[in-house]
file model.tsv (TSV, C-alpha atoms)
chain	number	residue	atom	x	y	z
A	1048	MET	CA	155.14	125.27	121.45
A	1049	SER	CA	154.49	125.97	117.81
A	1050	LYS	CA	153.52	123.10	115.59
A	1051	ALA	CA	156.47	123.81	113.37
A	1052	ALA	CA	158.77	122.63	116.11
A	1053	ALA	CA	156.64	119.51	116.51
A	1054	LEU	CA	157.14	118.48	112.88
A	1055	PRO	CA	159.50	115.58	112.61
A	1056	ASP	CA	162.96	116.86	111.88
A	1057	GLN	CA	164.91	114.98	109.33
A	1058	GLU	CA	168.13	114.16	110.98
A	1059	GLU	CA	170.62	114.14	108.18
A	1060	LEU	CA	174.13	113.93	109.41
A	1061	MET	CA	176.20	113.76	106.30
A	1062	PRO	CA	179.81	112.74	106.49
A	1063	ASN	CA	180.78	115.49	104.04
A	1064	GLY	CA	178.51	118.14	105.49
A	1065	HIS	CA	175.05	119.29	104.44
A	1066	PRO	CA	174.94	120.60	100.83
A	1067	ALA	CA	173.06	123.71	102.01
A	1068	PHE	CA	176.36	125.12	103.30
A	1069	ARG	CA	177.65	125.53	99.75
A	1070	PRO	CA	175.45	128.60	99.01
A	1071	PHE	CA	176.19	129.91	102.51
A	1072	LEU	CA	179.92	129.68	101.80
A	1073	ARG	CA	179.36	131.43	98.48
A	1074	ARG	CA	177.61	134.25	100.30
A	1075	LEU	CA	180.50	134.57	102.77
A	1076	LEU	CA	183.05	134.61	99.94
A	1077	GLN	CA	181.31	137.59	98.36
A	1078	ARG	CA	182.62	139.67	101.24
A	1079	SER	CA	185.45	137.75	102.86
A	1080	VAL	CA	188.57	135.81	101.91
A	1081	LEU	CA	188.77	132.28	103.32
A	1082	ASN	CA	191.50	129.77	102.59
A	1083	GLU	CA	190.92	126.19	101.47
A	1084	GLU	CA	190.94	124.73	104.98
A	1085	GLU	CA	188.50	127.34	106.28
A	1086	GLN	CA	186.18	126.81	103.33
A	1087	GLN	CA	186.27	123.06	103.90
A	1088	ALA	CA	185.45	123.56	107.59
A	1089	ILE	CA	182.28	125.43	106.63
A	1090	LEU	CA	181.29	122.86	104.01
A	1091	SER	CA	181.70	120.09	106.60
A	1092	LEU	CA	179.03	121.60	108.85
A	1093	ASN	CA	175.91	119.61	109.54
A	1094	GLY	CA	172.48	120.51	110.75
A	1095	ARG	CA	168.94	119.35	111.05
A	1096	GLU	CA	166.85	119.98	107.95
A	1097	VAL	CA	163.34	121.20	108.79
A	1098	GLU	CA	160.36	122.11	106.62
A	1099	ILE	CA	158.34	125.03	107.98
A	1100	GLU	CA	154.75	125.65	106.93
A	1101	PRO	CA	153.77	129.16	105.82
A	1102	HIS	CA	152.89	131.62	108.62
A	1103	ARG	CA	154.69	129.44	111.14
A	1104	ASP	CA	157.12	131.01	113.50
A	1105	ILE	CA	160.54	129.37	113.59
A	1106	VAL	CA	161.80	131.28	116.59
A	1107	ARG	CA	159.46	133.29	118.81
A	1108	PRO	CA	160.30	136.58	120.56
A	1109	GLY	CA	162.14	136.06	123.81
A	1110	GLU	CA	162.98	132.45	123.04
A	1111	LEU	CA	166.38	131.12	124.06
A	1112	THR	CA	167.92	129.34	121.09
A	1113	ASP	CA	170.89	127.07	120.71
A	1114	PHE	CA	170.87	127.02	116.92
A	1115	SER	CA	170.95	129.35	113.91
A	1116	CYS	CA	168.81	128.90	110.82
A	1117	LEU	CA	170.25	128.58	107.33
A	1118	VAL	CA	167.69	129.11	104.55
A	1119	VAL	CA	167.81	126.24	102.03
A	1120	SER	CA	164.78	127.12	99.90
A	1121	GLY	CA	161.94	129.59	100.19
A	1122	MET	CA	162.11	132.75	102.27
A	1123	ALA	CA	162.18	133.56	105.96
A	1124	ALA	CA	161.46	136.86	107.67
A	1125	ARG	CA	162.37	138.56	110.92
A	1126	PHE	CA	159.55	140.55	112.47
A	1127	GLY	CA	158.36	142.61	115.39
A	1128	GLN	CA	154.77	142.50	116.54
A	1129	LEU	CA	152.32	144.77	118.34
A	1130	ARG	CA	149.78	143.53	120.89
A	1131	ASP	CA	146.96	143.63	118.33
A	1132	GLY	CA	148.88	141.22	116.12
A	1133	GLN	CA	150.15	143.76	113.57
A	1134	ARG	CA	153.56	142.81	112.34
A	1135	GLN	CA	156.41	144.72	110.77
A	1136	ILE	CA	158.87	142.55	108.93
A	1137	THR	CA	162.36	143.91	109.50
A	1138	ALA	CA	164.34	141.55	107.29
A	1139	ILE	CA	163.74	139.07	104.50
A	1140	HIS	CA	166.12	136.16	104.07
A	1141	VAL	CA	166.78	134.30	100.83
A	1142	PRO	CA	168.43	130.91	100.32
A	1143	GLY	CA	172.07	130.91	101.43
A	1144	ASP	CA	171.37	133.41	104.24
A	1145	MET	CA	172.03	132.35	107.82
A	1146	CYS	CA	169.10	134.40	109.00
A	1147	ASP	CA	169.88	134.59	112.70
A	1148	LEU	CA	173.62	134.25	112.87
A	1149	TYR	CA	173.52	137.01	115.51
A	1150	SER	CA	171.82	134.57	117.90
A	1151	LEU	CA	175.20	132.88	118.17
A	1152	MET	CA	176.32	135.85	120.30
A	1153	LEU	CA	172.90	136.79	121.75
A	1154	PRO	CA	170.93	133.55	122.06
A	1155	LYS	CA	167.92	135.16	123.73
A	1156	VAL	CA	166.48	136.58	120.55
A	1157	GLU	CA	164.06	139.46	120.73
A	1158	TRP	CA	163.37	139.15	117.02
A	1159	ALA	CA	161.20	136.29	115.95
A	1160	LEU	CA	161.54	134.45	112.66
A	1161	GLN	CA	158.70	133.24	110.50
A	1162	ALA	CA	158.27	131.34	107.25
A	1163	LEU	CA	157.46	133.85	104.56
A	1164	SER	CA	156.93	131.51	101.66
A	1165	ALA	CA	154.59	128.67	100.98
A	1166	ARG	CA	157.41	126.23	101.49
A	1167	LEU	CA	160.42	127.07	103.59
A	1168	THR	CA	163.23	124.64	104.21
A	1169	ILE	CA	165.89	125.52	106.73
A	1170	VAL	CA	168.83	123.78	108.28
A	1171	LYS	CA	169.20	124.32	112.02
A	1172	VAL	CA	172.88	124.58	112.85
A	1173	ALA	CA	173.94	124.07	116.45
A	1174	HIS	CA	175.55	127.15	118.04
A	1175	ARG	CA	178.03	124.70	119.58
A	1176	ASP	CA	179.33	123.79	116.10
A	1177	LEU	CA	179.46	127.39	114.91
A	1178	LEU	CA	181.29	128.54	118.03
A	1179	GLU	CA	183.85	125.79	117.65
A	1180	LEU	CA	184.44	126.90	114.06
A	1181	VAL	CA	184.86	130.55	115.04
A	1182	ARG	CA	187.27	129.68	117.84
A	1183	THR	CA	189.35	127.42	115.62
A	1184	TYR	CA	189.44	129.73	112.61
A	1185	PRO	CA	189.52	133.47	113.42
A	1186	ALA	CA	189.03	134.29	109.70
A	1187	ILE	CA	185.65	132.54	109.83
A	1188	GLY	CA	184.77	134.63	112.87
A	1189	GLU	CA	185.62	137.76	110.88
A	1190	ALA	CA	183.56	136.53	107.93
A	1191	PHE	CA	180.57	135.93	110.24
A	1192	TRP	CA	181.05	139.39	111.77
A	1193	ARG	CA	181.15	140.98	108.31
A	1194	ASP	CA	178.05	139.03	107.30
A	1195	THR	CA	175.98	140.20	110.26
A	1196	THR	CA	177.25	143.76	109.72
A	1197	ALA	CA	176.05	143.62	106.10
A	1198	ASP	CA	172.65	142.41	107.36
A	1199	GLY	CA	172.61	145.39	109.72
A	1200	SER	CA	173.31	147.67	106.78
A	1201	ILE	CA	170.22	146.30	105.02
A	1202	VAL	CA	168.09	146.92	108.12
A	1203	ALA	CA	169.35	150.54	108.20
A	1204	GLN	CA	168.33	150.98	104.57
A	1205	TRP	CA	164.87	149.59	105.41
A	1206	VAL	CA	164.51	152.19	108.18
A	1207	VAL	CA	165.17	154.87	105.55
A	1208	SER	CA	162.51	153.25	103.34
A	1209	VAL	CA	159.83	152.99	105.99
A	1210	GLY	CA	160.61	156.43	107.40
A	1211	ARG	CA	161.22	158.49	104.30
A	1212	ARG	CA	160.41	156.73	101.04
A	1213	ASP	CA	156.79	157.05	99.95
A	1214	ALA	CA	154.74	153.95	99.16
A	1215	ARG	CA	155.78	153.82	95.51
A	1216	MET	CA	159.48	154.41	96.13
A	1217	ARG	CA	159.52	151.95	98.99
A	1218	THR	CA	157.91	149.20	96.90
A	1219	ALA	CA	160.26	149.83	93.96
A	1220	HIS	CA	163.23	149.78	96.34
A	1221	LEU	CA	162.27	146.46	97.93
A	1222	PHE	CA	161.80	144.71	94.59
A	1223	CYS	CA	165.18	146.01	93.39
A	1224	GLU	CA	166.87	144.80	96.57
A	1225	ILE	CA	165.35	141.34	96.46
A	1226	GLY	CA	166.18	141.10	92.75
A	1227	VAL	CA	169.86	141.80	93.38
A	1228	ARG	CA	169.99	139.44	96.34
A	1229	MET	CA	168.28	136.61	94.43
A	1230	GLU	CA	170.67	137.13	91.52
A	1231	ARG	CA	173.67	137.00	93.84
A	1232	ALA	CA	172.27	133.87	95.48
A	1233	GLY	CA	172.21	132.28	92.00
A	1234	LEU	CA	168.40	132.18	91.90
A	1235	GLY	CA	167.45	133.98	88.72
A	1236	ARG	CA	168.29	137.38	87.31
A	1237	ARG	CA	167.57	140.66	89.05
A	1238	THR	CA	165.05	141.45	86.32
A	1239	ASP	CA	163.39	138.03	86.41
A	1240	PHE	CA	163.04	135.94	89.55
A	1241	ASP	CA	160.57	134.03	91.70
A	1242	LEU	CA	159.32	135.66	94.87
A	1243	PRO	CA	157.69	132.88	96.89
A	1244	ALA	CA	156.35	135.33	99.48
A	1245	ILE	CA	152.75	135.67	100.57
A	1246	GLN	CA	151.28	139.08	99.70
A	1247	THR	CA	150.10	139.88	103.21
A	1248	GLN	CA	153.61	139.39	104.47
A	1249	LEU	CA	155.17	141.40	101.67
A	1250	ALA	CA	152.85	144.20	102.81
A	1251	ASP	CA	154.13	143.70	106.37
A	1252	ALA	CA	157.65	144.24	105.04
A	1253	LEU	CA	156.59	147.46	103.30
A	1254	GLY	CA	154.59	148.80	106.23
A	1255	MET	CA	151.39	149.03	104.20
A	1256	THR	CA	148.06	147.25	104.01
A	1257	PRO	CA	147.96	144.56	101.29
A	1258	VAL	CA	145.26	146.54	99.45
A	1259	HIS	CA	147.43	149.62	99.30
A	1260	MET	CA	150.45	147.57	98.26
A	1261	ASN	CA	148.48	145.99	95.41
A	1262	ARG	CA	147.39	149.42	94.28
A	1263	VAL	CA	151.02	150.55	94.21
A	1264	ILE	CA	152.13	147.41	92.36
A	1265	ARG	CA	149.36	147.98	89.80
A	1266	SER	CA	150.47	151.56	89.25
A	1267	LEU	CA	154.09	150.41	88.78
A	1268	ARG	CA	152.82	147.89	86.25
A	1269	GLN	CA	150.86	150.55	84.36
A	1270	ASP	CA	154.09	152.51	84.09
A	1271	GLY	CA	155.87	149.47	82.68
A	1272	LEU	CA	158.20	149.12	85.69
A	1273	LEU	CA	157.15	145.92	87.43
A	1274	ILE	CA	155.12	142.85	86.48
A	1275	LEU	CA	153.97	140.42	89.14
A	1276	LYS	CA	152.44	137.20	87.80
A	1277	GLY	CA	151.70	135.02	90.76
A	1278	ARG	CA	155.13	134.41	92.17
A	1279	GLU	CA	157.05	135.47	89.12
A	1280	VAL	CA	158.57	138.94	89.21
A	1281	GLN	CA	159.58	140.66	86.00
A	1282	ILE	CA	161.26	144.03	85.88
A	1283	PRO	CA	161.02	145.21	82.26
A	1284	ASP	CA	163.03	148.39	82.82
A	1285	TRP	CA	165.54	147.94	85.64
A	1286	ASP	CA	167.01	151.43	85.45
A	1287	ALA	CA	163.58	153.04	85.64
A	1288	LEU	CA	162.51	150.94	88.63
A	1289	ALA	CA	165.83	151.62	90.39
A	1290	ALA	CA	165.38	155.34	89.71
A	1291	THR	CA	161.83	155.22	91.07
A	1292	GLY	CA	163.03	153.60	94.30
A	1293	GLN	CA	166.29	155.60	94.42
A	1294	PHE	CA	167.93	152.22	94.71
A	1295	ASP	CA	171.70	152.06	94.91
A	1296	GLY	CA	172.86	148.57	95.83
A	1297	GLY	CA	176.03	149.74	97.56
A	1298	TYR	CA	174.57	149.10	101.02
A	1299	LEU	CA	174.29	145.39	100.19
A	1300	GLU	CA	178.12	145.31	100.33
A	1301	MET	CA	178.14	142.62	97.67
A	1302	ASP	CA	180.02	144.21	94.87
A	1303	MET	CA	183.18	144.96	96.75
A	1304	ALA	CA	186.26	142.90	96.11
A	1305	PRO	CA	186.66	140.69	99.16
A	1306	LEU	CA	188.96	142.37	101.65
A	1307	ALA	CA	192.47	141.06	101.77
A	1308	ARG	CA	193.25	138.94	104.79
A	1309	LEU	CA	194.43	140.90	107.76
B	1154	MET	CA	151.97	134.85	120.76
B	1155	CYS	CA	149.89	134.69	117.62
B	1156	GLY	CA	150.08	136.79	114.48
B	1157	ARG	CA	146.63	137.95	113.46
B	1158	GLY	CA	145.12	134.75	114.79
B	1159	THR	CA	147.16	132.72	112.36
B	1160	ASP	CA	148.30	130.13	114.83
B	1161	LEU	CA	144.84	129.81	116.35
B	1162	ARG	CA	143.43	129.28	112.90
B	1163	VAL	CA	145.96	126.62	112.04
B	1164	ALA	CA	145.27	125.01	115.41
B	1165	GLY	CA	141.58	124.89	114.41
B	1166	LEU	CA	140.53	127.09	117.32
B	1167	ILE	CA	139.01	129.80	115.14
B	1168	ALA	CA	136.86	129.04	112.12
B	1169	MET	CA	137.94	131.31	109.28
B	1170	ALA	CA	136.05	132.38	106.19
B	1171	ARG	CA	137.36	133.74	102.93
B	1172	TYR	CA	136.55	137.36	102.11
B	1173	HIS	CA	137.57	139.42	99.12
B	1174	LEU	CA	138.46	143.07	99.70
B	1175	HIS	CA	138.03	145.01	96.46
B	1176	LEU	CA	139.25	148.57	96.05
B	1177	PHE	CA	137.48	151.03	93.74
B	1178	ASN	CA	139.80	154.00	93.55
B	1179	ASP	CA	141.50	155.88	90.70
B	1180	ILE	CA	142.95	152.40	90.14
B	1181	ASP	CA	140.62	149.48	90.85
B	1182	ILE	CA	142.08	146.44	92.55
B	1183	ILE	CA	140.00	143.29	92.43
B	1184	ASP	CA	141.08	140.93	95.18
B	1185	GLU	CA	140.82	137.61	93.37
B	1186	GLU	CA	142.74	135.60	95.92
B	1187	GLY	CA	140.88	136.79	99.01
B	1188	ARG	CA	141.97	136.48	102.62
B	1189	ASP	CA	140.77	134.59	105.65
B	1190	PHE	CA	139.12	136.41	108.54
B	1191	PRO	CA	137.29	135.06	111.60
B	1192	ASP	CA	134.10	136.92	110.61
B	1193	LEU	CA	132.69	139.84	108.62
B	1194	PRO	CA	133.40	142.48	111.32
B	1195	ALA	CA	137.07	141.44	111.26
B	1196	ALA	CA	137.12	141.83	107.47
B	1197	GLU	CA	135.49	145.25	107.90
B	1198	VAL	CA	138.20	146.38	110.29
B	1199	GLU	CA	140.80	145.46	107.66
B	1200	ALA	CA	138.80	147.15	104.86
B	1201	VAL	CA	138.59	150.39	106.88
B	1202	ARG	CA	142.31	150.20	107.63
B	1203	SER	CA	143.03	149.63	103.91
B	1204	ALA	CA	140.85	152.55	102.80
B	1205	ARG	CA	142.56	154.88	105.29
B	1206	ASP	CA	145.98	153.66	104.14
B	1207	VAL	CA	145.15	154.43	100.50
B	1208	ILE	CA	143.61	157.81	101.42
B	1209	ALA	CA	146.68	158.72	103.48
B	1210	ASP	CA	148.92	158.09	100.48
B	1211	HIS	CA	146.70	160.26	98.28
B	1212	ILE	CA	146.97	163.07	100.82
B	1213	LEU	CA	150.74	162.70	101.30
B	1214	SER	CA	151.36	162.84	97.58
B	1215	GLY	CA	148.88	165.67	96.99
B	1216	ARG	CA	146.44	163.64	94.86
B	1217	PRO	CA	142.71	164.31	95.25
B	1218	VAL	CA	140.66	162.06	97.54
B	1219	CYS	CA	137.27	161.14	96.06
B	1220	LEU	CA	134.88	160.57	98.92
B	1221	HIS	CA	132.66	158.27	96.85
B	1222	HIS	CA	135.53	155.88	96.14
B	1223	ARG	CA	135.05	152.70	98.11
B	1224	MET	CA	136.05	149.29	99.39
B	1225	GLU	CA	133.74	146.35	98.85
B	1226	ILE	CA	133.79	143.16	100.88
B	1227	ALA	CA	132.56	140.08	99.02
B	1228	ASP	CA	132.20	136.50	100.17
B	1229	ALA	CA	133.70	133.49	98.41
B	1230	GLY	CA	130.69	133.32	96.07
B	1231	GLY	CA	131.14	136.92	94.94
B	1232	THR	CA	128.18	138.40	96.82
B	1233	VAL	CA	128.95	141.90	98.09
B	1234	LEU	CA	128.36	141.90	101.83
B	1235	LYS	CA	129.45	145.41	102.70
B	1236	VAL	CA	130.41	148.64	100.96
B	1237	ILE	CA	132.66	151.10	102.75
B	1238	ALA	CA	132.85	154.51	101.10
B	1239	PHE	CA	135.92	156.66	101.71
B	1240	GLN	CA	133.66	159.32	103.23
B	1241	ASP	CA	132.70	156.83	105.98
B	1242	VAL	CA	136.27	156.38	107.17
B	1243	VAL	CA	137.58	159.94	107.34
B	1244	ARG	CA	136.31	162.96	109.22
B	1245	PHE	CA	137.10	166.57	108.59
B	1246	GLU	CA	136.10	169.25	111.02
B	1247	PRO	CA	136.13	172.98	110.39
call {"tool": "encode", "arguments": {"input": "model.tsv", "output": "structure tokens"}}
result
Amino acid sequence: MSKAAALPDQEELMPNGHPAFRPFLRRLLQRSVLNEEEQQAILSLNGREVEIEPHRDIVRPGELTDFSCLVVSGMAARFGQLRDGQRQITAIHVPGDMCDLYSLMLPKVEWALQALSARLTIVKVAHRDLLELVRTYPAIGEAFWRDTTADGSIVAQWVVSVGRRDARMRTAHLFCEIGVRMERAGLGRRTDFDLPAIQTQLADALGMTPVHMNRVIRSLRQDGLLILKGREVQIPDWDALAATGQFDGGYLEMDMAPLARL
Amino acid sequence: MCGRGTDLRVAGLIAMARYHLHLFNDIDIIDEEGRDFPDLPAAEVEAVRSARDVIADHILSGRPVCLHHRMEIADAGGTVLKVIAFQDVVRFEP
């Protein structure tokens, strides 16, 4: 049992739903059309708010879960791990992301979740509540499906990065992606945002050692493409960084007009 | 299952010490923050892995590898405990 789970959960059942579902709804509406009643049903959701300490695992590989985790603040990551402890982060989740919505359909998760940032706050939403929502409102089910498909699209792009982009391209690409996602989550601009991640874990996302990653970040800085000051990320020349990473945000599926209702 | 001893450390089962892994390459990276390792040999394993990672990128992108470039491991007080030259972590055979 990880200590994270032993932390006292703040049971906050709010009559009008937990406020954390507002950014989640906003994320869904970037890709799906939901009517007033459906939107209200999502906003009325409740969950248990939990603070996770850095490095802590929220869900461990092989664990059977009965909840999904909505990121309120900070960042969470999905990872795979080798026997010697080496980790590869396969997804980073920003506030407003329901980072393991897929566990609703496959509750025995093979992908563990960890806190990436110094302070991570999540809301644990009962699968029971989500299933009820999906069964009552098919359009919400479609929105969830679209959301997990978009997450899958990001994972596919990461495979391309780890397999084919060199260290410099890969780093440039990740910073561009997180910039766009933070901007769309309403947390800064793509050229200026806070990245509350720990460097070692950022290196785990890039498939590099932290030393090598820092060398790459320094070289990007020398070229005037990326400035990292503690947690603050500045991208002085977006087009140049995007060109370096061959970043085209289309795979994020965020800029499409929401599909008309079927 | 523990990631790099993290959970054991938090649980207080492994005493950790702070080491700084500096890189002296065509670009020098001074590790001001440092990282926690159980002991010096564990920090050395990571320093060797880091050096090889940097060397591999030089090779992949066709940049020269200088065998006298190095990693240095320093303790929290700044004393250099170990120097690992690039030539110590790669082997070429005819």
call {"tool": "residues_around", "arguments": {"input": "model.tsv", "residues": "Gln1135 (chain A)", "least_positions_apart": "4", "cutoff": "7 Å", "atoms": "only C-alpha atoms", "output": "PDB file with C-alpha atoms, keeping the file's coordinate frame"}}
result
ATOM      1  CA  PHE A1126     159.550 140.550 112.470  1.00  0.00           C
ATOM      2  CA  GLY A1127     158.360 142.610 115.390  1.00  0.00           C
ATOM      3  CA  GLN A1128     154.770 142.500 116.540  1.00  0.00           C
ATOM      4  CA  ASP A1251     154.130 143.700 106.370  1.00  0.00           C
ATOM      5  CA  ALA A1252     157.650 144.240 105.040  1.00  0.00           C
ATOM      6  CA  GLY A1254     154.590 148.800 106.230  1.00  0.00           C
TER       7      GLY A1254
END
call {"tool": "axis_aligned_box", "arguments": {"input": "model.tsv", "around": "region 1165-1180 of chain B", "padding_each_side": "5 Å", "output": "AutoDock Vina command-line options"}}
result
--center_x 139.5 --center_y 140.4 --center_z 103.7 --size_x 16.9 --size_y 41.0 --size_z 37.2
call {"tool": "residues_around", "arguments": {"input": "model.tsv", "residues": "Val1242 (chain B)", "least_positions_apart": "4", "cutoff": "9 Å", "atoms": "only C-alpha atoms", "output": "VMD selection string"}}
result
chain B and resid 1201 to 1202 1204 to 1205 1237 to 1238
call {"tool": "write_last_selection", "arguments": {"input": "model.tsv", "atoms": "C-alpha atoms", "output": "compact mmCIF listing (two decimals), in the frame of the given file"}}
result
# COMPACT_ATOMS: atom_id res chain seq x y z
CA VAL B 1201 138.59 150.39 106.88
CA ARG B 1202 142.31 150.20 107.63
CA ALA B 1204 140.85 152.55 102.80
CA ARG B 1205 142.56 154.88 105.29
CA ILE B 1237 132.66 151.10 102.75
CA ALA B 1238 132.85 154.51 101.10
call {"tool": "closest_residue", "arguments": {"input": "model.tsv", "among": "A:His1259, A:Arg1166, A:Arg1265, A:Arg1211", "to": "Ile1099 (chain A)", "atoms": "only C-alpha atoms"}}
result
A:Arg1166
call {"tool": "atom_distance", "arguments": {"input": "model.tsv", "atom1": "CA of Ser1214 (chain B)", "atom2": "CA of Gly1297 (chain A)"}}
result
27.9 Å
call {"tool": "residues_around", "arguments": {"input": "model.tsv", "residues": "region 1271-1278 of chain A", "least_positions_apart": "4", "cutoff": "7 Å", "atoms": "all atoms listed in the file", "output": "ChimeraX atom specification"}}
result
/A:1241-1243,1267,1282-1284,1287-1288
call {"tool": "residues_around", "arguments": {"input": "model.tsv", "residues": "Arg1171 (chain B)", "least_positions_apart": "2", "cutoff": "8 Å", "atoms": "only C-alpha atoms", "output": "list in words"}}
result
Met1169, His1173, Gly1187, Arg1188, Asp1189, Phe1190, Asp1228 and Ala1229 of chain B
call {"tool": "build_atoms", "arguments": {"input": "model.tsv", "residues": "region 1212-1219 of chain B", "atoms": "all heavy atoms", "output": "PDB file, in the frame of the given file"}}
result
ATOM      1  N   ILE B1212     146.755 161.779 100.158  1.00  0.00           N
ATOM      2  CA  ILE B1212     146.970 163.070 100.820  1.00  0.00           C
ATOM      3  C   ILE B1212     148.453 163.428 100.840  1.00  0.00           C
ATOM      4  O   ILE B1212     148.845 164.538 100.485  1.00  0.00           O
ATOM      5  CB  ILE B1212     146.379 163.033 102.256  1.00  0.00           C
ATOM      6  CG1 ILE B1212     144.847 162.971 102.169  1.00  0.00           C
ATOM      7  CG2 ILE B1212     146.821 164.264 103.054  1.00  0.00           C
ATOM      8  CD1 ILE B1212     144.145 162.739 103.485  1.00  0.00           C
ATOM      9  N   LEU B1213     149.290 162.443 101.215  1.00  0.00           N
ATOM     10  CA  LEU B1213     150.740 162.700 101.300  1.00  0.00           C
ATOM     11  C   LEU B1213     151.324 163.121  99.959  1.00  0.00           C
ATOM     12  O   LEU B1213     152.231 163.935  99.896  1.00  0.00           O
ATOM     13  CB  LEU B1213     151.466 161.450 101.812  1.00  0.00           C
ATOM     14  CG  LEU B1213     151.400 161.202 103.321  1.00  0.00           C
ATOM     15  CD1 LEU B1213     151.998 159.849 103.653  1.00  0.00           C
ATOM     16  CD2 LEU B1213     152.136 162.306 104.091  1.00  0.00           C
ATOM     17  N   SER B1214     150.786 162.524  98.883  1.00  0.00           N
ATOM     18  CA  SER B1214     151.360 162.840  97.580  1.00  0.00           C
ATOM     19  C   SER B1214     150.564 163.930  96.847  1.00  0.00           C
ATOM     20  O   SER B1214     150.828 164.215  95.686  1.00  0.00           O
ATOM     21  CB  SER B1214     151.476 161.581  96.725  1.00  0.00           C
ATOM     22  OG  SER B1214     150.218 160.976  96.595  1.00  0.00           O
ATOM     23  N   GLY B1215     149.592 164.526  97.552  1.00  0.00           N
ATOM     24  CA  GLY B1215     148.880 165.670  96.990  1.00  0.00           C
ATOM     25  C   GLY B1215     147.860 165.313  95.915  1.00  0.00           C
ATOM     26  O   GLY B1215     147.418 166.175  95.156  1.00  0.00           O
ATOM     27  N   ARG B1216     147.475 164.030  95.826  1.00  0.00           N
ATOM     28  CA  ARG B1216     146.440 163.640  94.860  1.00  0.00           C
ATOM     29  C   ARG B1216     145.068 163.831  95.492  1.00  0.00           C
ATOM     30  O   ARG B1216     144.925 163.745  96.719  1.00  0.00           O
ATOM     31  CB  ARG B1216     146.612 162.161  94.446  1.00  0.00           C
ATOM     32  CG  ARG B1216     147.924 161.871  93.732  1.00  0.00           C
ATOM     33  CD  ARG B1216     147.892 160.518  93.006  1.00  0.00           C
ATOM     34  NE  ARG B1216     147.542 159.390  93.859  1.00  0.00           N
ATOM     35  CZ  ARG B1216     148.402 158.727  94.635  1.00  0.00           C
ATOM     36  NH1 ARG B1216     149.671 159.086  94.671  1.00  0.00           N
ATOM     37  NH2 ARG B1216     147.999 157.716  95.374  1.00  0.00           N
ATOM     38  N   PRO B1217     144.039 164.089  94.673  1.00  0.00           N
ATOM     39  CA  PRO B1217     142.710 164.310  95.250  1.00  0.00           C
ATOM     40  C   PRO B1217     142.151 163.027  95.882  1.00  0.00           C
ATOM     41  O   PRO B1217     142.474 161.931  95.449  1.00  0.00           O
ATOM     42  CB  PRO B1217     141.864 164.736  94.046  1.00  0.00           C
ATOM     43  CG  PRO B1217     142.593 164.250  92.842  1.00  0.00           C
ATOM     44  CD  PRO B1217     144.044 164.231  93.204  1.00  0.00           C
ATOM     45  N   VAL B1218     141.348 163.196  96.923  1.00  0.00           N
ATOM     46  CA  VAL B1218     140.660 162.060  97.540  1.00  0.00           C
ATOM     47  C   VAL B1218     139.194 162.157  97.145  1.00  0.00           C
ATOM     48  O   VAL B1218     138.541 163.155  97.436  1.00  0.00           O
ATOM     49  CB  VAL B1218     140.767 162.140  99.087  1.00  0.00           C
ATOM     50  CG1 VAL B1218     139.982 161.002  99.736  1.00  0.00           C
ATOM     51  CG2 VAL B1218     142.231 162.110  99.525  1.00  0.00           C
ATOM     52  N   CYS B1219     138.684 161.141  96.441  1.00  0.00           N
ATOM     53  CA  CYS B1219     137.270 161.140  96.060  1.00  0.00           C
ATOM     54  C   CYS B1219     136.477 160.411  97.131  1.00  0.00           C
ATOM     55  O   CYS B1219     136.704 159.227  97.372  1.00  0.00           O
ATOM     56  CB  CYS B1219     137.069 160.463  94.709  1.00  0.00           C
ATOM     57  SG  CYS B1219     137.864 161.374  93.392  1.00  0.00           S
TER      58      CYS B1219
END
